[in-house]
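Undergrad: Contents of start12.cif (mmCIF, C-alpha atoms and all ligand atoms) are below:
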```cif
data_structure
#
loop_
_atom_site.label_atom_id
_atom_site.label_comp_id
_atom_site.auth_asym_id
_atom_site.auth_seq_id
_atom_site.Cartn_x
_atom_site.Cartn_y
_atom_site.Cartn_z
CA MET A 1 130.46 40.66 -189.78
CA GLU A 2 133.10 38.74 -191.64
CA GLN A 3 132.12 35.08 -192.07
CA ARG A 4 134.23 32.90 -189.83
CA LEU A 5 134.22 29.27 -188.94
CA PHE A 6 134.25 28.32 -185.26
CA ASP A 7 134.75 24.90 -183.71
CA ILE A 8 131.86 25.55 -181.32
CA VAL A 9 129.20 28.25 -181.38
CA VAL A 10 127.32 28.75 -178.10
CA ILE A 11 123.93 30.41 -178.58
CA GLY A 12 123.04 32.29 -175.41
CA ALA A 13 125.06 34.76 -173.37
CA GLY A 14 123.63 34.03 -169.93
CA ILE A 15 125.46 32.21 -167.17
CA ILE A 16 124.83 28.83 -168.78
CA GLY A 17 126.14 29.71 -172.25
CA HIS A 18 129.20 31.60 -170.99
CA SER A 19 130.09 28.90 -168.46
CA VAL A 20 130.03 26.20 -171.14
CA ALA A 21 132.36 28.28 -173.34
CA PHE A 22 134.57 29.00 -170.32
CA ARG A 23 134.96 25.32 -169.42
CA LEU A 24 135.60 24.24 -173.04
CA LYS A 25 138.30 26.87 -173.49
CA ARG A 26 139.95 26.00 -170.17
CA ILE A 27 140.09 22.34 -171.18
CA ASP A 28 141.31 23.04 -174.72
CA PRO A 29 142.73 26.55 -175.26
CA GLY A 30 143.10 25.79 -178.98
CA LEU A 31 139.33 25.65 -179.55
CA ARG A 32 137.83 28.46 -181.65
CA LEU A 33 134.72 29.44 -179.71
CA ALA A 34 131.96 32.00 -180.15
CA VAL A 35 129.19 33.06 -177.77
CA LEU A 36 126.12 34.72 -179.30
CA GLY A 37 123.44 36.72 -177.53
CA ASP A 38 122.07 40.14 -176.74
CA PRO A 39 123.90 41.32 -173.58
CA VAL A 40 121.18 43.76 -172.52
CA ASN A 41 118.24 41.36 -172.46
CA SER A 42 116.40 42.70 -169.42
CA LEU A 43 114.50 39.46 -168.74
CA MET A 44 117.60 37.26 -168.71
CA ALA A 45 117.36 34.86 -165.77
CA SER A 46 121.07 34.98 -165.01
CA ARG A 47 120.93 38.61 -163.91
CA ALA A 48 117.45 38.33 -162.38
CA ALA A 49 118.27 35.48 -160.00
CA ALA A 50 118.85 35.78 -156.26
CA GLY A 51 121.92 33.54 -156.40
CA MET A 52 120.83 31.02 -153.77
CA LEU A 53 122.87 27.82 -153.91
CA ALA A 54 120.19 25.78 -152.22
CA PRO A 55 119.98 22.10 -153.17
CA PHE A 56 118.74 21.19 -149.70
CA ALA A 57 116.06 23.82 -149.22
CA GLU A 58 114.88 23.43 -152.83
CA CYS A 59 114.89 19.64 -153.39
CA GLY A 60 112.48 17.30 -151.63
CA LYS A 61 113.64 13.85 -152.75
CA ALA A 62 116.97 12.13 -153.23
CA ASP A 63 116.79 11.73 -157.00
CA ARG A 64 119.44 12.28 -159.69
CA PHE A 65 118.55 15.97 -159.86
CA PHE A 66 119.18 16.38 -156.13
CA ARG A 67 122.56 14.63 -156.45
CA PHE A 68 123.50 16.79 -159.43
CA CYS A 69 122.64 19.99 -157.55
CA ARG A 70 124.53 18.82 -154.49
CA GLU A 71 127.60 17.93 -156.55
CA SER A 72 127.43 21.37 -158.15
CA LEU A 73 127.37 23.07 -154.74
CA GLU A 74 130.53 21.14 -153.85
CA LYS A 75 132.22 22.43 -157.00
CA TYR A 76 131.38 26.07 -156.24
CA PRO A 77 134.38 27.31 -154.20
CA ARG A 78 136.93 26.02 -156.73
CA PHE A 79 134.87 27.22 -159.68
CA ILE A 80 134.65 30.75 -158.28
CA GLU A 81 138.34 30.77 -157.39
CA GLU A 82 139.21 29.78 -160.96
CA LEU A 83 136.79 32.29 -162.47
CA VAL A 84 138.06 35.17 -160.32
CA SER A 85 141.66 34.37 -161.17
CA VAL A 86 140.97 34.24 -164.94
CA SER A 87 138.58 37.21 -165.12
CA GLY A 88 140.04 39.53 -162.48
CA VAL A 89 136.44 40.26 -161.39
CA SER A 90 135.63 39.72 -157.72
CA ILE A 91 132.58 37.60 -156.89
CA TYR A 92 130.79 37.42 -153.54
CA LEU A 93 130.38 33.77 -152.49
CA SER A 94 129.12 32.77 -149.07
CA THR A 95 128.92 29.32 -147.51
CA THR A 96 127.48 30.50 -144.18
CA GLY A 97 124.28 28.59 -145.00
CA SER A 98 120.58 29.23 -145.00
CA LEU A 99 117.78 29.23 -142.44
CA MET A 100 114.38 27.56 -142.67
CA PRO A 101 111.93 28.76 -139.99
CA SER A 102 109.59 25.93 -138.96
CA ALA A 103 106.65 28.32 -138.66
CA SER A 104 106.74 29.21 -142.33
CA TYR A 105 107.66 25.76 -143.67
CA GLU A 106 104.93 24.66 -146.07
CA GLY A 107 105.49 20.87 -145.94
CA ASN A 108 105.83 18.32 -143.16
CA TRP A 109 108.57 19.58 -140.83
CA GLU A 110 109.33 16.18 -139.28
CA GLU A 111 109.68 14.59 -142.73
CA ARG A 112 112.10 17.33 -143.77
CA ILE A 113 114.27 16.70 -140.71
CA ARG A 114 114.23 12.96 -141.46
CA PHE A 115 115.20 13.61 -145.11
CA PHE A 116 118.15 15.76 -144.04
CA ARG A 117 119.31 13.10 -141.57
CA GLU A 118 119.00 10.26 -144.09
CA GLU A 119 120.85 12.20 -146.77
CA ASN A 120 123.58 13.46 -144.43
CA VAL A 121 122.71 17.06 -145.22
CA PRO A 122 124.69 19.40 -142.97
CA HIS A 123 122.05 20.93 -140.73
CA GLU A 124 121.32 22.04 -137.16
CA LEU A 125 118.06 22.67 -135.35
CA TRP A 126 118.02 25.96 -133.47
CA SER A 127 115.55 26.40 -130.65
CA PRO A 128 113.77 29.80 -130.50
CA GLU A 129 116.27 30.87 -127.78
CA ARG A 130 119.29 29.85 -129.83
CA ARG A 131 117.82 31.52 -132.93
CA ARG A 132 117.30 34.76 -130.97
CA GLU A 133 120.92 34.64 -129.84
CA LYS A 134 122.32 33.90 -133.33
CA VAL A 135 119.98 36.04 -135.48
CA PRO A 136 118.13 38.60 -133.33
CA THR A 137 116.78 40.39 -136.43
CA LEU A 138 114.39 37.53 -137.24
CA SER A 139 110.87 37.62 -135.86
CA ASP A 140 110.01 35.55 -132.77
CA SER A 141 107.17 34.08 -134.82
CA CYS A 142 109.75 32.02 -136.76
CA GLY A 143 109.67 29.33 -134.05
CA GLU A 144 112.29 26.59 -134.27
CA VAL A 145 114.71 27.25 -137.14
CA MET A 146 116.78 24.86 -139.22
CA TRP A 147 120.25 25.94 -140.28
CA VAL A 148 121.31 24.24 -143.52
CA GLY A 149 124.84 24.10 -144.94
CA GLU A 150 124.38 25.61 -148.37
CA GLY A 151 125.53 28.76 -150.16
CA GLN A 152 124.95 32.09 -151.81
CA VAL A 153 126.61 33.82 -154.74
CA ASN A 154 126.19 37.25 -156.30
CA ASN A 155 125.02 36.01 -159.70
CA ARG A 156 125.40 39.40 -161.40
CA GLU A 157 129.06 39.54 -160.42
CA MET A 158 129.41 35.95 -161.62
CA HIS A 159 127.83 36.82 -164.97
CA ASP A 160 130.13 39.84 -165.32
CA ALA A 161 133.11 37.63 -164.49
CA LEU A 162 132.14 34.98 -167.04
CA ALA A 163 131.73 37.60 -169.78
CA ALA A 164 135.10 39.15 -168.85
CA ALA A 165 136.75 35.70 -168.75
CA SER A 166 135.37 34.86 -172.19
CA ARG A 167 137.03 37.94 -173.62
CA LYS A 168 140.32 37.33 -171.80
CA LEU A 169 140.44 33.74 -173.00
CA GLY A 170 139.94 34.78 -176.61
CA ILE A 171 136.37 33.53 -176.95
CA GLU A 172 134.57 35.59 -179.59
CA VAL A 173 131.65 37.30 -177.84
CA LEU A 174 129.28 38.38 -180.60
CA GLU A 175 126.62 40.58 -179.03
CA LYS A 176 123.97 39.53 -181.53
CA ASN A 177 120.94 37.30 -181.32
CA ALA A 178 120.49 34.37 -183.68
CA THR A 179 117.51 35.03 -185.93
CA GLY A 180 117.72 31.78 -187.90
CA PHE A 181 119.87 28.81 -188.85
CA ILE A 182 121.29 27.32 -191.98
CA HIS A 183 120.76 23.60 -191.61
CA ASP A 184 119.79 20.42 -193.40
CA ALA A 185 117.87 17.47 -191.99
CA SER A 186 120.73 16.18 -189.87
CA SER A 187 123.16 19.01 -189.12
CA VAL A 188 123.40 22.73 -188.42
CA GLY A 189 125.80 24.77 -190.59
CA ALA A 190 125.45 28.32 -189.30
CA ALA A 191 123.53 30.60 -186.98
CA VAL A 192 122.16 33.63 -188.81
CA THR A 193 122.36 37.05 -187.15
CA ASP A 194 121.57 40.51 -188.48
CA ALA A 195 125.32 41.00 -188.82
CA GLY A 196 125.83 37.87 -190.91
CA GLU A 197 126.27 34.12 -190.60
CA VAL A 198 128.24 32.48 -187.83
CA ARG A 199 129.40 29.10 -189.08
CA GLY A 200 130.41 26.32 -186.73
CA GLN A 201 131.33 22.65 -186.49
CA LYS A 202 129.17 22.26 -183.39
CA PHE A 203 126.40 24.34 -181.80
CA VAL A 204 125.16 24.59 -178.22
CA LEU A 205 121.63 25.85 -177.65
CA ALA A 206 121.86 27.62 -174.27
CA SER A 207 119.41 30.49 -174.65
CA GLY A 208 117.35 30.05 -171.49
CA SER A 209 113.65 30.64 -172.10
CA TRP A 210 114.37 31.79 -175.66
CA SER A 211 115.64 28.28 -176.51
CA LEU A 212 111.99 27.58 -177.22
CA GLN A 213 111.85 29.99 -180.17
CA LEU A 214 115.23 28.95 -181.54
CA ALA A 215 114.33 25.26 -181.38
CA ASN A 216 111.13 26.10 -183.26
CA ILE A 217 113.20 27.58 -186.08
CA LEU A 218 115.06 24.26 -186.22
CA GLY A 219 111.74 22.44 -186.45
CA VAL A 220 112.10 21.00 -182.97
CA SER A 221 109.26 21.20 -180.47
CA LEU A 222 110.95 21.96 -177.16
CA PRO A 223 108.63 21.33 -174.18
CA LEU A 224 109.82 24.42 -172.33
CA LYS A 225 108.25 27.65 -171.15
CA PRO A 226 109.25 30.80 -169.27
CA ILE A 227 108.21 31.04 -165.63
CA LYS A 228 108.21 34.66 -164.61
CA GLY A 229 109.65 35.82 -161.30
CA GLN A 230 109.24 39.30 -159.84
CA MET A 231 111.89 40.37 -157.35
CA CYS A 232 113.13 43.41 -155.50
CA ARG A 233 116.13 44.62 -153.54
CA LEU A 234 116.05 46.66 -150.35
CA GLN A 235 118.72 48.81 -148.75
CA VAL A 236 119.58 47.15 -145.44
CA ASP A 237 122.86 47.13 -143.50
CA ASP A 238 125.03 44.11 -144.28
CA ASP A 239 125.46 43.10 -140.64
CA LEU A 240 121.74 42.50 -140.00
CA LEU A 241 121.75 39.02 -141.56
CA ASP A 242 124.44 36.54 -142.63
CA TYR A 243 122.18 33.80 -143.93
CA THR A 244 119.68 33.28 -146.72
CA VAL A 245 116.21 32.83 -145.18
CA HIS A 246 113.46 30.71 -146.73
CA GLY A 247 110.12 32.00 -145.46
CA MET A 248 106.46 31.47 -146.37
CA LEU A 249 106.35 31.93 -150.18
CA THR A 250 109.32 34.23 -149.84
CA TYR A 251 113.06 34.30 -149.44
CA ILE A 252 115.50 36.89 -148.18
CA VAL A 253 118.99 36.90 -149.62
CA PRO A 254 121.82 39.09 -148.32
CA TRP A 255 124.07 40.25 -151.19
CA ARG A 256 126.53 41.96 -148.83
CA GLY A 257 129.11 44.55 -149.91
CA GLY A 258 126.52 47.31 -149.37
CA ASN A 259 124.28 45.74 -152.02
CA GLY A 260 121.33 45.23 -149.71
CA PHE A 261 118.96 42.25 -149.53
CA VAL A 262 117.14 40.59 -152.42
CA LEU A 263 113.55 39.46 -151.83
CA GLY A 264 111.91 36.88 -154.04
CA SER A 265 109.93 35.73 -155.77
CA THR A 266 106.78 34.97 -157.71
CA MET A 267 106.34 31.94 -159.99
CA GLU A 268 104.05 33.04 -162.84
CA ASP A 269 103.10 31.18 -166.01
CA ARG A 270 102.58 34.28 -168.18
CA GLY A 271 104.76 33.81 -171.24
CA PHE A 272 107.33 36.48 -172.04
CA ASP A 273 105.60 39.10 -169.88
CA PRO A 274 108.02 41.82 -168.70
CA LEU A 275 105.58 43.63 -166.35
CA ILE A 276 106.65 44.59 -162.81
CA GLU A 277 103.59 45.12 -160.60
CA GLU A 278 103.81 47.46 -157.63
CA GLU A 279 101.30 45.48 -155.54
CA VAL A 280 103.20 42.23 -156.15
CA ILE A 281 106.44 43.84 -154.99
CA ARG A 282 104.66 45.23 -151.90
CA ASP A 283 103.39 41.72 -151.15
CA LEU A 284 106.95 40.33 -151.40
CA ILE A 285 108.13 42.97 -148.91
CA ASP A 286 105.24 42.27 -146.51
CA ARG A 287 105.89 38.52 -146.56
CA ALA A 288 109.60 39.05 -145.95
CA ALA A 289 108.89 41.56 -143.18
CA ALA A 290 106.78 38.94 -141.40
CA VAL A 291 110.03 36.97 -141.06
CA MET A 292 112.39 39.93 -140.61
CA PRO A 293 110.48 42.98 -139.36
CA CYS A 294 113.15 45.60 -140.14
CA LEU A 295 112.46 45.07 -143.85
CA GLU A 296 109.01 46.66 -143.59
CA ASP A 297 110.27 50.22 -144.09
CA ALA A 298 113.64 49.61 -145.74
CA PRO A 299 114.23 51.76 -148.86
CA LEU A 300 113.52 50.00 -152.16
CA ILE A 301 116.61 50.02 -154.40
CA GLU A 302 115.09 48.31 -157.46
CA SER A 303 112.51 45.80 -158.60
CA TRP A 304 112.65 43.56 -161.66
CA THR A 305 111.29 40.60 -163.59
CA GLY A 306 113.15 37.60 -164.99
CA LEU A 307 112.22 34.40 -166.80
CA ARG A 308 113.14 30.91 -165.59
CA PRO A 309 113.44 28.36 -168.40
CA ALA A 310 111.25 25.44 -167.26
CA ALA A 311 110.95 22.12 -169.10
CA GLU A 312 107.71 20.16 -168.81
CA ASP A 313 109.20 17.70 -166.28
CA LEU A 314 111.16 20.53 -164.54
CA MET A 315 114.47 18.76 -165.23
CA PRO A 316 117.29 20.41 -167.18
CA ILE A 317 117.68 19.48 -170.85
CA MET A 318 121.37 18.76 -171.28
CA GLY A 319 123.22 16.72 -173.85
CA LYS A 320 123.45 15.83 -177.52
CA SER A 321 120.53 16.27 -179.86
CA SER A 322 119.06 13.10 -181.27
CA ARG A 323 117.93 15.03 -184.38
CA TYR A 324 121.01 17.04 -185.38
CA ALA A 325 124.42 15.35 -185.24
CA ASN A 326 126.27 18.54 -184.23
CA LEU A 327 123.74 20.20 -181.90
CA TYR A 328 123.85 20.14 -178.09
CA TYR A 329 121.42 21.53 -175.52
CA SER A 330 121.95 23.10 -172.15
CA THR A 331 118.72 24.69 -171.09
CA GLY A 332 115.71 24.21 -168.80
CA HIS A 333 117.62 24.95 -165.60
CA HIS A 334 114.50 26.54 -164.17
CA ARG A 335 114.80 27.65 -160.49
CA ASN A 336 118.34 26.35 -159.87
CA GLY A 337 120.42 27.28 -162.89
CA ILE A 338 122.89 29.37 -160.90
CA LEU A 339 123.44 26.45 -158.54
CA GLN A 340 123.86 23.98 -161.42
CA THR A 341 126.31 26.16 -163.37
CA PRO A 342 129.72 24.63 -162.45
CA HIS A 343 128.59 21.00 -162.77
CA GLN A 344 126.55 21.75 -165.89
CA ALA A 345 129.56 23.39 -167.56
CA ASP A 346 131.70 20.30 -166.91
CA TYR A 347 128.91 17.97 -168.03
CA ILE A 348 128.27 19.75 -171.33
CA ALA A 349 131.96 20.33 -172.11
CA GLU A 350 132.68 16.64 -171.53
CA THR A 351 129.67 15.64 -173.64
CA ILE A 352 130.89 17.80 -176.53
CA LEU A 353 134.49 16.62 -176.21
CA GLU A 354 133.27 12.99 -175.88
CA THR A 355 135.00 12.45 -172.55
CA LEU A 356 131.85 12.13 -170.44
CA ARG A 357 131.90 8.95 -168.38
CA GLU A 358 128.21 8.63 -167.69
CA GLU A 359 125.25 10.24 -169.36
CA ILE A 360 122.31 11.18 -167.10
CA PRO A 361 119.19 9.82 -168.84
CA GLU A 362 116.85 12.01 -166.76
CA PHE A 363 118.43 15.10 -168.37
CA SER A 364 118.90 13.75 -171.88
CA PRO A 365 117.32 15.60 -174.86
CA SER A 366 116.41 12.15 -176.20
CA ARG A 367 113.64 11.87 -173.58
CA TYR A 368 111.76 14.37 -175.74
CA ASN A 369 113.20 13.23 -179.10
CA LEU A 370 114.98 16.54 -179.47
C1 LIG A 401 113.50 35.61 -160.48
C2 LIG A 401 114.47 34.48 -160.58
C3 LIG A 401 115.15 34.04 -159.45
C4 LIG A 401 116.06 32.99 -159.54
N1 LIG A 401 116.77 32.64 -158.43
C5 LIG A 401 117.68 31.64 -158.53
C6 LIG A 401 118.48 31.29 -157.40
O1 LIG A 401 118.39 31.91 -156.35
N2 LIG A 401 119.35 30.26 -157.54
C7 LIG A 401 119.50 29.56 -158.69
O2 LIG A 401 120.29 28.61 -158.73
N3 LIG A 401 118.78 29.90 -159.79
C8 LIG A 401 117.88 30.91 -159.74
N4 LIG A 401 117.14 31.25 -160.82
C9 LIG A 401 117.27 30.44 -162.04
C10 LIG A 401 118.48 30.84 -162.88
O3 LIG A 401 118.59 32.23 -162.91
C11 LIG A 401 118.34 30.26 -164.30
O4 LIG A 401 118.08 28.89 -164.25
C12 LIG A 401 119.61 30.50 -165.10
O5 LIG A 401 120.08 31.81 -164.96
C13 LIG A 401 119.37 30.21 -166.57
O6 LIG A 401 120.47 30.71 -167.27
P1 LIG A 401 120.51 30.72 -168.84
O7 LIG A 401 121.85 31.23 -169.24
O8 LIG A 401 120.08 29.38 -169.36
O9 LIG A 401 119.34 31.70 -169.27
P2 LIG A 401 119.31 33.30 -169.30
O10 LIG A 401 120.07 33.87 -168.19
O11 LIG A 401 117.88 33.70 -169.45
O12 LIG A 401 120.11 33.66 -170.60
C14 LIG A 401 119.59 33.41 -171.87
C15 LIG A 401 120.52 34.07 -172.85
O13 LIG A 401 120.08 33.78 -174.19
C16 LIG A 401 120.13 34.99 -174.92
N5 LIG A 401 119.24 34.91 -176.07
C17 LIG A 401 117.90 35.11 -176.13
N6 LIG A 401 117.47 35.00 -177.41
C18 LIG A 401 118.57 34.72 -178.15
C19 LIG A 401 118.78 34.52 -179.53
N7 LIG A 401 117.80 34.57 -180.41
N8 LIG A 401 120.05 34.29 -179.97
C20 LIG A 401 121.09 34.23 -179.09
N9 LIG A 401 120.93 34.42 -177.75
C21 LIG A 401 119.70 34.66 -177.30
C22 LIG A 401 119.72 36.05 -173.92
O14 LIG A 401 120.09 37.33 -174.38
C23 LIG A 401 120.54 35.58 -172.73
O15 LIG A 401 121.87 36.03 -172.87
C24 LIG A 401 116.27 32.33 -160.78
C25 LIG A 401 115.62 32.79 -161.92
C26 LIG A 401 114.73 33.87 -161.82
C27 LIG A 401 114.06 34.37 -163.08
#
```
Rewrite the structure of this file - the entire thing - as structure tokens.
Ligand SMILES: Cc1cc2nc3c(=O)[nH]c(=O)nc-3n(C[C@H](O)[C@H](O)[C@H](O)COP(=O)(O)OP(=O)(O)OC[C@H]3O[C@@H](n4cnc5c(N)ncnc54)[C@H](O)[C@@H]3O)c2cc1C
TA:
Amino acid sequence: MEQRLFDIVVIGAGIIGHSVAFRLKRIDPGLRLAVLGDPVNSLMASRAAAGMLAPFAECGKADRFFRFCRESLEKYPRFIEELVSVSGVSIYLSTTGSLMPSASYEGNWEERIRFFREENVPHELWSPERRREKVPTLSDSCGEVMWVGEGQVNNREMHDALAAASRKLGIEVLEKNATGFIHDASSVGAAVTDAGEVRGQKFVLASGSWSLQLANILGVSLPLKPIKGQMCRLQVDDDLLDYTVHGMLTYIVPWRGGNGFVLGSTMEDRGFDPLIEEEVIRDLIDRAAAVMPCLEDAPLIESWTGLRPAAEDLMPIMGKSSRYANLYYSTGHHRNGILQTPHQADYIAETILETLREEIPEFSPSRYNL
């Protein structure tokens, strides 16, 4: 690889890394940008995710994280429209909402309803009769069901679109991992790959769970670990379900377009373990079939494992390094990185370009002296 100098080098070719490069280039087409990362990493979260855009089903208190996720959901339709028009790749996005059956809700149902009311979350309570009328494929054991106004995206199509957009916009996509850095005590000069050095004025560490190892090379102790999720996809007709369903330790996500339904997922603290276990996948199917009986015998299309990057406090790590003057982080998006993508891309781009109006201290790398 010929040695070239970039304005900004993004390390990580998942949805987070590509979306940061995309937003920077859209704001300033003159920027010389590179994205580094192995495109066939089979444990990459961005291709393993189910694509739920679920700030309301996933968040339990009205903190800054909840607001950030909610704001990101609001940005989704325009973000996808822009991405499709730049990339030419179509992306399935649904805003039909999700369903939470009361019978499989693990917390206090009344408190959840109160939370939704207080926070003006778009929601409706469906009696068992109304649920039967609207979604006859769900089991009668679901009881009362809450409809929630949130969304669903096909994250693999979105990742494909981001990679295509990067190329169309003239972002250098270098399909190589960083194996080291050239740096001094206060700044990073280059990322080292097995094809040579990639020099930059600024660097963004956006390597999901692998940010841990790269930070180590920089002498930074990142409090982050991979949380493994096993998932599978079943062949089921599109018209059997329009909504994402959150069941007891399970969710069912329609991908539409003949792509079947995704069932998820485990949360396992097992390091970088790639194993897919048949009995775990069977358990996912059984749990989902308790909510939607026709899934019991549906043909299995595929099963897989992916790694969620989880910081110690489960908040994203986003912003400028307090150790290196030209290093930025966007990692630790854990269970909701697909949801956070549009807002995160704006936030990091504005941080780098020094146009950000308000830093979010809860997400700042400085909380860990990074
Ligand atoms: C099973 C599962 C289900 C999920 N479901 C949802 C969901 O429904 N909704 C939601 O919002 N979120 C979901 N998530 C979370 C979401 O997928 C992640 O938060 C998000 O994809 C993180 O993206 P990322 O780009 O930071 O990391 P990743 O997608 O893991 O990408 C990391 C990138 O870094 C690259 N890399 C690794 N090492 C190096 C190196 N040395 N040099 C350069 N690059 C390197 C990798 O090749 C990869 O390209 C789920 C995650 C999992 C695992």
Undergrad: Sorted by chain and rising residue number, which residues of chain A lie within 6 Å of ligand LIG 401 (chain A), and what are their closest atom pairs and distances in Å to one decimal, counting all atoms listed in the file, as a Markdown table?
TA:
```
| residue | atom | partner | partner_atom | distance |
| --- | --- | --- | --- | --- |
| A:Ile11 | CA | A:LIG401 | C20 | 4.8 |
| A:Gly12 | CA | A:LIG401 | O13 | 3.5 |
| A:Ala13 | CA | A:LIG401 | O15 | 3.5 |
| A:Gly14 | CA | A:LIG401 | O7 | 3.4 |
| A:Ile15 | CA | A:LIG401 | O7 | 4.3 |
| A:Ile16 | CA | A:LIG401 | O7 | 3.9 |
| A:Gly17 | CA | A:LIG401 | O7 | 5.5 |
| A:Leu36 | CA | A:LIG401 | C20 | 5.1 |
| A:Gly37 | CA | A:LIG401 | N9 | 3.4 |
| A:Asp38 | CA | A:LIG401 | O14 | 4.2 |
| A:Pro39 | CA | A:LIG401 | O14 | 5.6 |
| A:Asn41 | CA | A:LIG401 | O14 | 4.8 |
| A:Met44 | CA | A:LIG401 | O11 | 3.6 |
| A:Ala45 | CA | A:LIG401 | O10 | 3.8 |
| A:Ser46 | CA | A:LIG401 | O5 | 3.3 |
| A:Ala48 | CA | A:LIG401 | C1 | 5.2 |
| A:Ala49 | CA | A:LIG401 | C4 | 3.4 |
| A:Ala50 | CA | A:LIG401 | O1 | 3.9 |
| A:Gly51 | CA | A:LIG401 | O1 | 3.9 |
| A:Met52 | CA | A:LIG401 | O1 | 3.7 |
| A:Leu53 | CA | A:LIG401 | O2 | 5.5 |
| A:Asn177 | CA | A:LIG401 | N8 | 3.4 |
| A:Ala178 | CA | A:LIG401 | N8 | 3.7 |
| A:Thr179 | CA | A:LIG401 | N7 | 5.5 |
| A:Ala206 | CA | A:LIG401 | O8 | 5.5 |
| A:Ser207 | CA | A:LIG401 | O13 | 3.4 |
| A:Gly208 | CA | A:LIG401 | O9 | 3.4 |
| A:Ser209 | CA | A:LIG401 | O11 | 5.9 |
| A:Trp210 | CA | A:LIG401 | N6 | 4.8 |
| A:Gly229 | CA | A:LIG401 | C1 | 3.9 |
| A:Gln230 | CA | A:LIG401 | C1 | 5.7 |
| A:Met231 | CA | A:LIG401 | C1 | 5.9 |
| A:Ser265 | CA | A:LIG401 | C1 | 5.9 |
| A:Gly306 | CA | A:LIG401 | C27 | 3.9 |
| A:Leu307 | CA | A:LIG401 | C27 | 4.2 |
| A:Arg308 | CA | A:LIG401 | C27 | 4.4 |
| A:Thr331 | CA | A:LIG401 | O8 | 5.2 |
| A:His333 | CA | A:LIG401 | O4 | 4.2 |
| A:His334 | CA | A:LIG401 | O4 | 4.3 |
| A:Arg335 | CA | A:LIG401 | C9 | 4.0 |
| A:Asn336 | CA | A:LIG401 | O2 | 3.2 |
| A:Gly337 | CA | A:LIG401 | O4 | 3.1 |
| A:Ile338 | CA | A:LIG401 | O2 | 3.5 |
| A:Leu339 | CA | A:LIG401 | O2 | 3.8 |
```
Undergrad: Could you work out an axis-aligned bounding box for all listed atoms of segment 321-339 of chain A, with 4 Å added on each of the six sides, and give its centre and edge lengths in Å to one decimal, as AutoDock Vina command-line options?
TA:
```
--center_x 120.4 --center_y 21.2 --center_z -172.0 --size_x 19.8 --size_y 24.3 --size_z 34.8
```
Undergrad: When distances are computed from only C-alpha atoms, which of A:Val153, A:Ile80, A:Leu174, A:Val135 shows the smallest separation from Leu93 of chain A?
TA: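 The closest residue to Leu93 of chain A is A:Val153.
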Undergrad: Just how far from atom CA of Gly332 of chain A is atom CA of Ser211 of chain A, in Å to one decimal?
TA: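 Computing it gives 8.7 Å between the two atoms.
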Undergrad: Nearest to Ile301 of chain A among A:Leu263, A:Ala191, A:Val86, A:Val20, with distances taken over only C-alpha atoms: which residue is it?
TA: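 Residue with the minimum atom-to-atom distance to Ile301 of chain A: A:Leu263.
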Undergrad: Report, in Å with one decimal, the straight-line distance from atom CA of Pro254 of chain A to atom CA of Thr137 of chain A.
TA: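 Those two atoms sit 13.0 Å apart.
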Undergrad: Using only C-alpha atoms, which protein or nucleic acid residues come within 10 Å of segment 283-289 of chain A? Drop anything in the same chain fewer than 4 positions from it, and give the result as a list in words.
TA: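 Counting only C-alpha atoms, the residues come to Leu138, Ser139, Gln230, Met231, Cys232, Arg233, Leu234, Val245, His246, Gly247, Met248, Leu249, Thr250, Tyr251, Ile252, Val262, Leu263, Gly264, Ser265, Thr266, Glu278, Glu279, Pro293, Cys294, Leu295, Glu296, Asp297, Ala298 and Leu300 of chain A.
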Undergrad: Anything within 12 Å of (130.2, 26.7, -169.9): list those residues as an MDAnalysis selection string, counting all atoms listed in the file and sticking to the file's coordinates.
TA: chainID A and resid 8:27 33:35 79 83 159 162:163 165:166 171 204:206 318 329:331 338 340:352
Undergrad: Pick out the closest residue to Pro128 of chain A from this set: A:Gly196, A:Pro101, A:Pro223, A:Gly149. Count all atoms listed in the file.
TA: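 Smallest distance to Pro128 of chain A is found for A:Pro101.
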Undergrad: One decimal, in Å: what's the spacing between atom CA of Ser141 of chain A and atom CA of Ala290 of chain A?
TA: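 These atoms are spaced 8.2 Å apart.
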Undergrad: From the options A:Asp184, A:Gln213, A:Glu124, A:Thr193, which residue's atoms come nearest to Glu144 of chain A, counting all atoms listed in the file?
TA: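 Using all atoms listed in the file, the shortest distance to Glu144 of chain A belongs to A:Glu124.
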Undergrad: Pick from A:Val145, A:Leu275, A:Ala215, A:Val236: nearest to Gly257 of chain A, with all atoms listed in the file counted?
TA: A:Val236
Undergrad: Neighbouring residues of Arg4 of chain A were defined as those with any atom within 9 Å, considering only C-alpha atoms; residues of the same chain fewer than 3 positions away were excluded. Please report them as a list of chain:residue names.
TA: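 Returned residues: A:Met1, A:Glu197, A:Val198, A:Arg199, A:Gly200.
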